[in-house]
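Here the structure comes first, spelled out in structure tokens, and everything after it is commentary.
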Amino acid sequence: MFSTVRRRVAAAGVATVFAATGLMVASIDKAVALSVEGQQSEMHVMGSTVADALSAAGITVGAKDLVVPAADQPISDGTQITVRYGRKLTVTADGTSTDYWTTASTVDEALAALGIRTPDNAQLSVSRSQVLGRDGLALTVVTPHSVTVTVDGASRTEATHAATVGDLLTALGVTVGANDRVSPAVDTAVTEGLAVAVKRVQTKSTTATEKVAFATVKKDDATLDKGKTKVQTPGVAGERVVTYTETWVDGVLEGKTASDTKVTKPATDKVVLVGTKAVAAAPAAPAAPKAPISAGNTSGAGINLANAAMWDRIAKCESGGRWNINTGNGYYGGLQFNYTTWLSVGGADFAPRADLASREEQITVANRLYAKRGLQPWGCRWAA
């Protein structure tokens, strides 16, 4: 009987132990609800904190992820745990890039959550409904700019999302030729209020027939008296055809440059013979009168034709009687005044050189020189 009692006591003890163990397990095992990225599930957790529940579910979270309640918070039966993963969103707005972190699952939600406002007419590189994966997303936002474009004689104002001037012209259907000028350059970033001008540039080839000047060649001639000259061969201008490249900008000639020259008729040089023959001594001049005739008119523009017949004879010897002769030998006019002598006796009263004065004016100046030096200055004094 004693044995029977002991078995009953032992059985009662075992039952008590199992009951206590059940109570302890019940206090550790919690039923929790888990939402990961909106996906709902339920689980039993042998733990006391949210971190224990996440570990049991095999979920690893980072610093940018959202966990509610926080990982160190306690759990109990019925605890709702929400996990939203963080995504990196890089937003480049009108050339300026900024990195954001968000737990939103679409672009539109992310922009709203981050407080990023974009105009309705802004251009996004992706759809606003684009899903944000855990790898994140790079988003470009281009705000339209108001620009003015002048081309082909007309100006217009446009709202554009183009990033550069080149993109803008392409979007507007403006074709730019190889020689056209775009200001500012096509790689310039489009900004608000930018003024763009396209100038049409054309090049044209034209030809023109032009004169070719002749050269003057001087040759010594021993048969001519020294100081005398004679034209042996008259100079004749030649001709050439010049090809020009013209630059026209918006229909206006900007300039031209010679691109080719072809001589069609060579110029003929002017050949001038220059005398080198020594001049024979002139016959002795008749003795000057003891009292030379007064020349008169030593200054001013008054005309004095005294001794006019004598001066005509001397002029015929000196210049063949050509009062306007200028052979280039340094002596001028019918009486062959040199420049210095002409001015020294007031020739400037009439003209800067003797060949530019009339016969009467030259005779007047000759009389002035005659009053001072007689006939000594003239090589042809013997003809007097």
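By convention here, the chains of the structure tokens are called A, B, ... in the order presented, each chain's residues are numbered starting at 1, and ligands are numbered starting at 1 in the order presented.
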**OP:** Please provide the set of residues having any atom within 7 Å of Ser35 of chain A, restricted to only C-alpha atoms, with same-chain residues fewer than 6 positions apart removed, written as JSON, numbers by chain.
**Re:** {"A": [41, 81, 82, 83]}
**OP:** May I have all residues of segment 134-204 of chain A that DSSP, computed from the backbone, assigns to helix (DSSP H, G or I), given as an MDAnalysis selection string?
**Re:** chainID A and resid 165:171
File of the preceding selection, C-alpha atoms, as a PDB file, in the first residue's frame:
```pdb
ATOM      1  CA  VAL A 165      21.719  75.713 -76.579  1.00  0.00           C
ATOM      2  CA  GLY A 166      22.380  72.896 -79.058  1.00  0.00           C
ATOM      3  CA  ASP A 167      19.587  70.797 -77.535  1.00  0.00           C
ATOM      4  CA  LEU A 168      17.283  73.823 -77.658  1.00  0.00           C
ATOM      5  CA  LEU A 169      17.869  74.442 -81.367  1.00  0.00           C
ATOM      6  CA  THR A 170      17.366  70.756 -82.133  1.00  0.00           C
ATOM      7  CA  ALA A 171      14.108  70.715 -80.194  1.00  0.00           C
TER       8      ALA A 171
END
```
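The space separating atom CA of Gln202 of chain A from atom CA of Asp187 of chain A comes to 22.8 Å.
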**OP:** For atom CA of Asp180 of chain A and atom CA of Asp152 of chain A, determine how far apart the two atoms are, in Å to one decimal place.
**Re:** 11.2 Å
Tell me, as a compact mmCIF listing (two decimals) with C-alpha atoms, in the first residue's frame, which residues lie within 7 Å of Thr140 of chain A, counting only C-alpha atoms; anything in the same chain fewer than 2 positions away does not count.
```
# COMPACT_ATOMS: atom_id res chain seq x y z
CA VAL A 91 17.61 64.37 -57.24
CA THR A 92 19.38 66.55 -59.84
CA ALA A 93 17.32 69.70 -60.25
CA LEU A 124 11.20 64.34 -64.82
CA SER A 125 13.54 61.70 -66.10
CA ALA A 138 18.63 58.82 -59.58
CA VAL A 142 14.39 70.03 -65.42
```
